[in-house]
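K.L.:
Pasting upload38.cif below, which is mmCIF, C-alpha atoms.
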data_coords
loop_
_atom_site.label_atom_id
_atom_site.label_comp_id
_atom_site.auth_asym_id
_atom_site.auth_seq_id
_atom_site.Cartn_x
_atom_site.Cartn_y
_atom_site.Cartn_z
CA GLY A 112 115.30 106.33 107.93
CA LEU A 113 114.86 104.45 104.62
CA SER A 114 111.71 106.36 103.68
CA LYS A 115 110.28 109.43 105.37
CA ALA A 116 106.93 108.83 107.05
CA CYS A 117 104.15 111.13 105.87
CA PRO A 118 102.45 113.53 108.32
CA ALA A 119 99.43 111.23 108.73
CA VAL A 120 101.57 108.25 109.70
CA GLN A 121 103.70 110.35 112.05
CA ARG A 122 100.51 111.61 113.70
CA ALA A 123 99.23 108.03 114.18
CA VAL A 124 102.43 107.04 115.98
CA GLN A 125 102.41 110.19 118.11
CA GLU A 126 98.75 109.75 119.08
CA THR A 127 99.53 106.19 120.17
CA VAL A 128 102.46 107.35 122.28
CA ASP A 129 100.43 110.19 123.82
CA ALA A 130 97.58 107.83 124.70
CA LEU A 131 99.94 105.35 126.37
CA VAL A 132 101.74 108.07 128.35
CA LYS A 133 98.39 109.46 129.49
CA ALA A 134 97.45 105.96 130.68
CA GLY A 135 100.62 105.81 132.79
CA HIS A 136 102.97 103.89 130.53
CA GLU A 137 106.55 104.89 129.77
CA CYS A 138 107.49 105.46 126.12
CA VAL A 139 111.11 105.96 125.04
CA GLU A 140 112.18 107.12 121.58
CA PHE A 141 115.06 105.19 120.01
CA VAL A 142 116.77 104.81 116.65
CA VAL A 143 116.74 101.45 114.86
CA PRO A 144 120.40 100.35 114.66
CA ASN A 145 121.81 100.42 111.12
CA GLU A 146 118.40 100.11 109.47
CA LEU A 147 119.96 100.17 106.01
CA GLU A 148 121.97 97.04 106.79
CA GLY A 149 118.80 95.27 107.91
CA ALA A 150 117.10 96.16 104.64
CA ARG A 151 120.18 95.26 102.62
CA VAL A 152 120.36 91.80 104.20
CA PHE A 153 116.68 91.22 103.43
CA VAL A 154 117.19 92.12 99.77
CA ALA A 155 120.44 90.15 99.52
CA VAL A 156 119.01 86.92 100.93
CA THR A 157 115.66 87.00 99.12
CA SER A 158 117.27 87.76 95.74
CA ALA A 159 119.92 85.04 96.01
CA ASP A 160 118.14 82.76 93.50
CA ARG A 161 117.18 85.73 91.29
CA TYR A 162 113.66 85.43 92.71
CA GLU A 163 113.06 82.24 90.77
CA THR A 164 111.29 80.65 93.74
CA LEU A 165 109.18 83.76 94.37
CA THR A 166 108.05 83.98 90.74
CA SER A 167 107.84 80.24 89.99
CA HIS A 168 104.12 80.12 90.79
CA ILE A 169 103.21 82.81 88.27
CA GLY A 170 103.74 80.63 85.21
CA PRO A 171 102.55 82.31 82.00
CA ASP A 172 100.42 84.85 83.88
CA PRO A 173 101.35 88.54 83.77
CA LYS A 174 103.63 89.64 86.59
CA ASP A 175 102.09 91.99 89.13
CA PRO A 176 103.61 95.51 88.89
CA THR A 177 104.57 95.28 92.57
CA LEU A 178 107.33 92.87 91.57
CA PHE A 179 108.91 95.19 88.97
CA LEU A 180 111.36 97.08 91.19
CA VAL A 181 111.76 94.12 93.55
CA THR A 182 113.05 91.81 90.83
CA LEU A 183 114.67 94.40 88.54
CA GLY A 184 118.20 94.13 89.92
CA SER A 185 118.34 90.37 89.56
CA ARG A 186 117.03 90.39 85.97
CA ILE A 187 119.29 92.94 84.32
CA PRO A 188 122.92 92.46 83.20
CA THR A 189 125.62 93.35 85.69
CA PHE A 190 126.87 96.35 83.69
CA VAL A 191 123.35 97.81 83.55
CA ARG A 192 122.83 97.33 87.28
CA ASN A 193 126.22 98.92 87.98
CA GLY A 194 125.23 101.86 85.78
CA ILE A 195 122.02 102.36 87.74
CA ILE A 196 123.95 102.21 91.01
CA TRP A 197 126.48 104.78 89.76
CA ALA A 198 123.73 107.13 88.54
CA ALA A 199 121.81 106.86 91.83
CA ARG A 200 124.92 107.75 93.83
CA THR A 201 126.24 110.42 91.48
CA PHE A 202 123.11 112.31 90.48
CA LEU A 203 120.52 111.46 93.15
CA HIS A 204 123.03 111.14 96.01
CA ASP A 205 120.91 108.19 97.05
CA ASN A 206 123.05 105.78 99.05
CA ILE A 207 119.97 103.86 100.17
CA PHE A 208 118.64 103.02 96.71
CA SER A 209 122.11 102.24 95.33
CA THR A 210 122.95 99.96 98.26
CA LEU A 211 119.73 97.97 97.91
CA MET A 212 120.08 97.75 94.13
CA GLY A 213 123.64 96.50 94.54
CA SER A 214 122.47 93.65 96.79
CA SER A 215 119.59 92.64 94.50
CA ARG A 216 121.28 90.03 92.33
CA GLY A 217 121.83 86.32 91.99
CA LYS A 218 124.51 84.82 94.23
CA SER A 219 126.75 81.81 94.47
CA VAL A 220 126.33 79.37 97.34
CA LYS A 221 129.37 80.92 99.01
CA GLU A 222 127.87 84.42 98.70
CA PHE A 223 124.52 83.18 100.02
CA TRP A 224 126.10 81.76 103.16
CA ALA A 225 127.99 85.02 103.65
CA GLU A 226 124.70 86.94 103.53
CA THR A 227 123.13 84.44 105.92
CA LYS A 228 125.97 85.22 108.33
CA ALA A 229 125.36 88.94 107.78
CA ARG A 230 121.71 88.39 108.72
CA ASP A 231 122.73 86.60 111.92
CA ASN A 232 125.15 89.42 112.75
CA TYR A 233 122.38 91.98 112.29
CA ASN A 234 120.11 89.96 114.56
CA GLU A 235 122.77 90.08 117.26
CA LEU A 236 123.23 93.83 116.79
CA PHE A 237 119.48 94.50 116.98
CA PHE A 238 119.06 92.40 120.12
CA LYS A 239 121.98 94.12 121.84
CA GLU A 240 121.16 97.70 120.80
CA VAL A 241 117.40 97.47 121.36
CA TRP A 242 116.26 94.76 123.76
CA GLU A 243 119.35 94.57 125.99
CA LYS A 244 120.09 98.30 125.96
CA TYR A 245 116.58 99.56 126.69
CA GLY A 246 114.75 96.59 128.20
CA PHE A 247 111.63 97.34 126.18
CA ASP A 248 108.41 95.37 126.51
CA GLY A 249 107.61 96.22 122.91
CA ILE A 250 108.16 98.60 120.02
CA ILE A 251 105.66 100.99 118.42
CA CYS A 252 106.42 101.90 114.81
CA PRO A 253 104.75 102.69 111.47
CA VAL A 254 103.38 99.94 109.25
CA SER A 255 104.50 101.93 106.22
CA ALA A 256 105.62 105.45 105.39
CA LEU A 257 102.26 106.01 103.66
CA PRO A 258 98.73 105.07 104.79
CA THR A 259 98.18 103.49 101.37
CA ILE A 260 99.48 103.94 97.84
CA PRO A 261 97.48 104.93 94.74
CA HIS A 262 96.50 102.21 92.32
CA GLY A 263 99.23 101.65 89.77
CA SER A 264 102.07 103.09 91.84
CA SER A 265 103.27 99.88 93.48
CA ALA A 266 105.90 99.30 90.79
CA ASP A 267 107.99 102.17 92.20
CA LEU A 268 106.93 102.10 95.85
CA SER A 269 107.36 98.43 96.75
CA PRO A 270 110.42 99.31 98.92
CA LEU A 271 107.99 100.79 101.45
CA ALA A 272 107.36 97.19 102.53
CA LEU A 273 110.81 97.24 104.15
CA ALA A 274 109.16 98.86 107.19
CA THR A 275 107.66 95.45 107.97
CA ALA A 276 110.36 93.31 106.32
CA LEU A 277 112.86 94.53 108.91
CA TYR A 278 111.06 92.51 111.57
CA ASN A 279 111.14 89.44 109.33
CA VAL A 280 114.91 89.79 109.23
CA VAL A 281 115.19 89.87 113.02
CA ASP A 282 112.45 87.22 113.38
CA LEU A 283 110.15 89.12 115.73
CA PRO A 284 106.37 88.80 116.23
CA VAL A 285 104.30 91.78 115.11
CA GLY A 286 100.68 92.88 115.36
CA VAL A 287 98.92 95.89 113.86
CA VAL A 288 96.45 98.13 115.72
CA PRO A 289 94.26 100.67 113.88
CA VAL A 290 94.77 104.15 115.33
CA THR A 291 93.17 106.90 113.28
CA ARG A 292 92.30 108.02 109.76
CA VAL A 293 93.89 110.45 107.33
CA ASP A 294 92.59 113.96 107.93
CA GLN A 295 93.05 116.39 105.05
CA ALA A 296 93.12 119.33 107.47
CA LYS A 297 95.63 117.88 109.96
CA ASP A 298 97.94 115.93 107.66
CA THR A 299 99.26 118.46 105.17
CA MET A 300 102.97 118.66 104.36
CA THR A 301 104.24 121.71 106.25
CA ASP A 302 107.64 123.35 105.84
CA ASP A 303 108.66 122.03 109.26
CA TRP A 304 107.81 118.49 108.15
CA ARG A 305 109.64 118.89 104.83
CA ASN A 306 112.81 120.15 106.51
CA ALA A 307 112.89 117.60 109.32
CA GLU A 308 115.48 114.83 109.17
CA PRO A 309 115.89 112.08 108.19
CA GLN A 310 114.66 112.48 104.62
CA GLY A 311 115.24 108.86 103.61
CA SER A 312 115.88 107.76 100.03
CA PRO A 313 115.73 110.74 97.60
CA PHE A 314 114.27 108.40 94.97
CA LEU A 315 111.39 107.36 97.25
CA PHE A 316 110.93 110.88 98.63
CA LYS A 317 110.40 112.24 95.13
CA LYS A 318 107.91 109.49 94.26
CA MET A 319 105.97 109.96 97.48
CA TYR A 320 105.97 113.71 98.00
CA ALA A 321 107.18 115.66 94.95
CA GLY A 322 106.10 116.29 91.39
CA LYS A 323 102.66 116.95 89.92
CA LYS A 324 101.12 113.71 91.23
CA PRO A 325 102.85 112.64 94.46
CA ALA A 326 101.73 109.35 95.95
CA TYR A 327 100.85 111.08 99.22
CA ASP A 328 97.70 113.17 98.85
CA PRO A 329 95.88 113.83 102.15
CA VAL A 330 92.83 115.12 100.30
CA ALA A 331 92.40 112.00 98.15
CA MET A 332 93.35 109.80 101.13
CA HIS A 333 90.97 111.52 103.56
CA GLY A 334 89.37 108.86 105.75
CA VAL A 335 91.87 106.10 104.94
CA PRO A 336 92.71 104.14 108.12
CA ILE A 337 96.21 104.22 109.63
CA GLY A 338 97.64 101.67 112.02
CA VAL A 339 100.86 101.09 113.94
CA GLN A 340 102.98 97.99 114.37
CA ILE A 341 103.34 96.53 117.84
CA VAL A 342 106.57 94.54 117.88
CA GLY A 343 107.52 92.05 120.59
CA ASN A 344 110.67 90.18 121.48
CA ARG A 345 111.32 86.71 120.10
CA TRP A 346 108.92 83.97 121.24
CA GLU A 347 106.54 86.52 122.77
CA GLU A 348 103.56 86.25 120.44
CA GLU A 349 101.09 86.11 123.33
CA LYS A 350 102.64 89.21 124.87
CA VAL A 351 102.24 91.06 121.57
CA ILE A 352 98.51 90.28 121.61
CA GLU A 353 98.23 91.58 125.17
CA MET A 354 100.19 94.74 124.27
CA MET A 355 97.80 95.28 121.36
CA LYS A 356 94.93 95.15 123.86
CA VAL A 357 96.71 97.72 126.04
CA VAL A 358 97.24 100.06 123.07
CA ASP A 359 93.66 99.61 121.90
CA GLY A 360 92.36 100.39 125.39
CA ALA A 361 94.57 103.46 125.77
CA LEU A 362 93.41 104.88 122.45
CA GLY A 363 89.78 104.39 123.49
CA PRO A 364 86.68 104.46 121.26
CA ARG A 365 87.39 105.66 117.74
CA ASP A 366 86.07 105.35 114.23
CA PHE A 367 86.72 101.62 113.71
CA GLY A 368 84.69 98.44 113.96
CA PRO A 369 81.40 97.09 112.55
CA GLY A 370 79.19 99.71 110.94
CA THR A 371 81.84 102.41 110.61
CA TRP A 372 82.87 101.75 107.01
CA SER A 373 81.38 103.69 104.10
CA PRO A 374 82.44 103.67 100.43
CA SER A 375 85.03 106.27 99.53
CA ARG A 376 83.79 109.19 97.48
CA PHE A 377 86.80 108.55 95.25
CA ALA A 378 85.64 105.01 94.40
CA HIS A 379 83.19 104.71 91.54
CA PRO A 380 81.90 101.16 90.94
CA LYS A 381 81.38 100.15 87.36
CA ASP A 382 77.83 100.05 86.03
#
What does the file become when written as structure tokens?
P.N.:
Amino acid sequence: GLSKACPAVQRAVQETVDALVKAGHECVEFVVPNELEGARVFVAVTSADRYETLTSHIGPDPKDPTLFLVTLGSRIPTFVRNGIIWAARTFLHDNIFSTLMGSSRGKSVKEFWAETKARDNYNELFFKEVWEKYGFDGIICPVSALPTIPHGSSADLSPLALATALYNVVDLPVGVVPVTRVDQAKDTMTDDWRNAEPQGSPFLFKKMYAGKKPAYDPVAMHGVPIGVQIVGNRWEEEKVIEMMKVVDGALGPRDFGPGTWSPSRFAHPKD
């Protein structure tokens, strides 16, 4: 719900589910409990020292653009951050972006321990509402809302990593299985897709799917591989590997493995 998955990623998940059902497995759709709180806790805990630990190894080197939006909230004055939060809520009606921006700041020791408790509370909620409620063996979900992002766009789209960060928060083992590739004919943005809920963050939706140069372009991305996350319960790393084998077997032979790669027609090596 934080960011809307593109048609190609949705297709990869659906093809995985269809293959497993055809092989005799049961697949049940569920909603991640309070996903925004899971993301908020991740941002709150990791930004507690204003990302000084994260960026301490960079030294005098230029900072990678990926870190721009990640570290922005902790680097700007409080009144500026509050202004951004107000604008996001008032004009963009983006509760997701404003909530995450509000948690991205330095914290006192007392505040840090409070966020640590919030993380533990979310772990308890996730375990109760997912593992206890449904009795799942594992979870199938997207790796990211997009198959990839264009070069130079990571400064604005780094929040897409929250699709995997969620499972860091709840401390679960995860593996990734390749499923398919972007198909420019199958993976266009239809009206049905555009109107389907949830839409996620308006800020991210605009960056990914709107404007003259949206990040998602099924024509430019044609042939890019797409995978799914296979998530297991705590302490079940070996089971995750076995579930990956089951998923791989259900999907059957496909365009992956040695000898299947060829340079993209969009990549032009320098002379």
K.L.:
At a cut-off of 12 Å around the point (100.0, 101.2, 102.9) (file coordinates), what residues fall inside when counting all atoms listed in the file? I'd like the answer as a PyMOL selection string.
P.N.:
chain A and resi 116-117+119-120+253-262+264-265+268-275+293+319+326-327+332+335-339
K.L.:
So which residues touch Asn279 (chain A) within 12 Å, counting only C-alpha atoms, skipping near sequence neighbours fewer than 4 positions away, as a list in words?
P.N.:
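Within the cut-off, the hits are Gly149, Ala150, Val152, Phe153, Val154, Val156, Thr157, Arg230, Tyr233, Asn234, Ala272, Leu273, Ala274, Thr275, Leu283, Pro284, Val285, Val342 and Arg345 of chain A.
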K.L.:
Could you tell me, as a CSV table (one decimal) with C-alpha atoms, in the frame of the given file, exactly which residues end up selected when the PyMOL selection byres ((chain A and resi 115) around 7) is applied to this structure?
P.N.:
chain,number,residue,atom,x,y,z
A,112,GLY,CA,115.3,106.3,107.9
A,113,LEU,CA,114.9,104.4,104.6
A,114,SER,CA,111.7,106.4,103.7
A,116,ALA,CA,106.9,108.8,107.0
A,117,CYS,CA,104.2,111.1,105.9
A,256,ALA,CA,105.6,105.4,105.4
A,309,PRO,CA,115.9,112.1,108.2
A,310,GLN,CA,114.7,112.5,104.6
A,311,GLY,CA,115.2,108.9,103.6
A,316,PHE,CA,110.9,110.9,98.6
K.L.:
Given only C-alpha atoms as the basis, pick out the residue of A:Cys138, A:Ala361, A:Leu315, A:Ala321 nearest to Ala266 (chain A).
P.N.:
A:Leu315
K.L.:
Could you check the closest approach to Ile207 (chain A) for each of A:Pro325, A:Pro289, A:Pro313, A:Gly170 and tell me which residue wins, using only C-alpha atoms?
P.N.:
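When distances to Ile207 (chain A) are compared using only C-alpha atoms, the smallest one comes from A:Pro313.
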K.L.:
Between CA of Lys218 (chain A) and CA of Ile187 (chain A), what distance in Å does the model show, to one decimal?
P.N.:
13.8 Å
K.L.:
Could you tell me which residues the PyMOL selection byres ((chain A and resi 131) around 12) returns for this structure, as a compact mmCIF listing (two decimals) with C-alpha atoms, keeping the file's coordinate frame?
P.N.:
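out-v2.txt, freshly written:
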# COMPACT_ATOMS: atom_id res chain seq x y z
CA VAL A 124 102.43 107.04 115.98
CA GLN A 125 102.41 110.19 118.11
CA GLU A 126 98.75 109.75 119.08
CA THR A 127 99.53 106.19 120.17
CA VAL A 128 102.46 107.35 122.28
CA ASP A 129 100.43 110.19 123.82
CA ALA A 130 97.58 107.83 124.70
CA VAL A 132 101.74 108.07 128.35
CA LYS A 133 98.39 109.46 129.49
CA ALA A 134 97.45 105.96 130.68
CA GLY A 135 100.62 105.81 132.79
CA HIS A 136 102.97 103.89 130.53
CA GLU A 137 106.55 104.89 129.77
CA CYS A 138 107.49 105.46 126.12
CA VAL A 139 111.11 105.96 125.04
CA ILE A 251 105.66 100.99 118.42
CA MET A 354 100.19 94.74 124.27
CA MET A 355 97.80 95.28 121.36
CA LYS A 356 94.93 95.15 123.86
CA VAL A 357 96.71 97.72 126.04
CA VAL A 358 97.24 100.06 123.07
CA ASP A 359 93.66 99.61 121.90
CA GLY A 360 92.36 100.39 125.39
CA ALA A 361 94.57 103.46 125.77
CA LEU A 362 93.41 104.88 122.45
CA GLY A 363 89.78 104.39 123.49
K.L.:
When the PyMOL selection byres ((chain A and resi 141) around 10) is applied to the file above, which residues end up in the set, as a count of residues only?
P.N.:
10
K.L.:
What does the structure give for the distance between CA of Gln295 (chain A) and CA of Lys318 (chain A), in Å to one decimal?
P.N.:
19.6 Å
K.L.:
Show me, as lines of an AutoDock Vina configuration file, the centre and edge lengths in Å to one decimal of the axis-aligned box that covers every listed atom of region 233-245 of chain A with 4 Å on each side.
P.N.:
center_x = 119.7
center_y = 94.8
center_z = 119.5
size_x = 15.0
size_y = 17.6
size_z = 22.4
K.L.:
Nearest to Glu148 (chain A) among A:Ile195, A:Ala229, A:Leu165, A:Leu178, with distances taken over only C-alpha atoms: which residue is it?
P.N.:
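For Glu148 (chain A), the nearest of the given residues is A:Ala229.
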K.L.:
Go through A:Asn306, A:Ser167, A:Thr182, A:Ser214 one by one, measure the shortest atom-to-atom distance of each to Ala155 (chain A) using all atoms listed in the file, and give the residue with the smallest value.
P.N.:
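Residue with the minimum atom-to-atom distance to Ala155 (chain A): A:Ser214.
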K.L.:
Quote the spacing between CA of Thr210 (chain A) and CA of Ser185 (chain A) in Å to one decimal place.
P.N.:
13.7 Å
K.L.:
Which residue gives the smallest distance to Val280 (chain A) among A:Phe208, A:Glu226, A:Ala199, A:Glu243, with only C-alpha atoms counted?
P.N.:
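Looking only at the distances to Val280 (chain A), the closest residue turns out to be A:Glu226.
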K.L.:
Between A:Lys323, A:Phe223, A:Pro118, A:Asn145, which one has atoms that come closest to Asp303 (chain A), using all atoms listed in the file?
P.N.:
A:Pro118
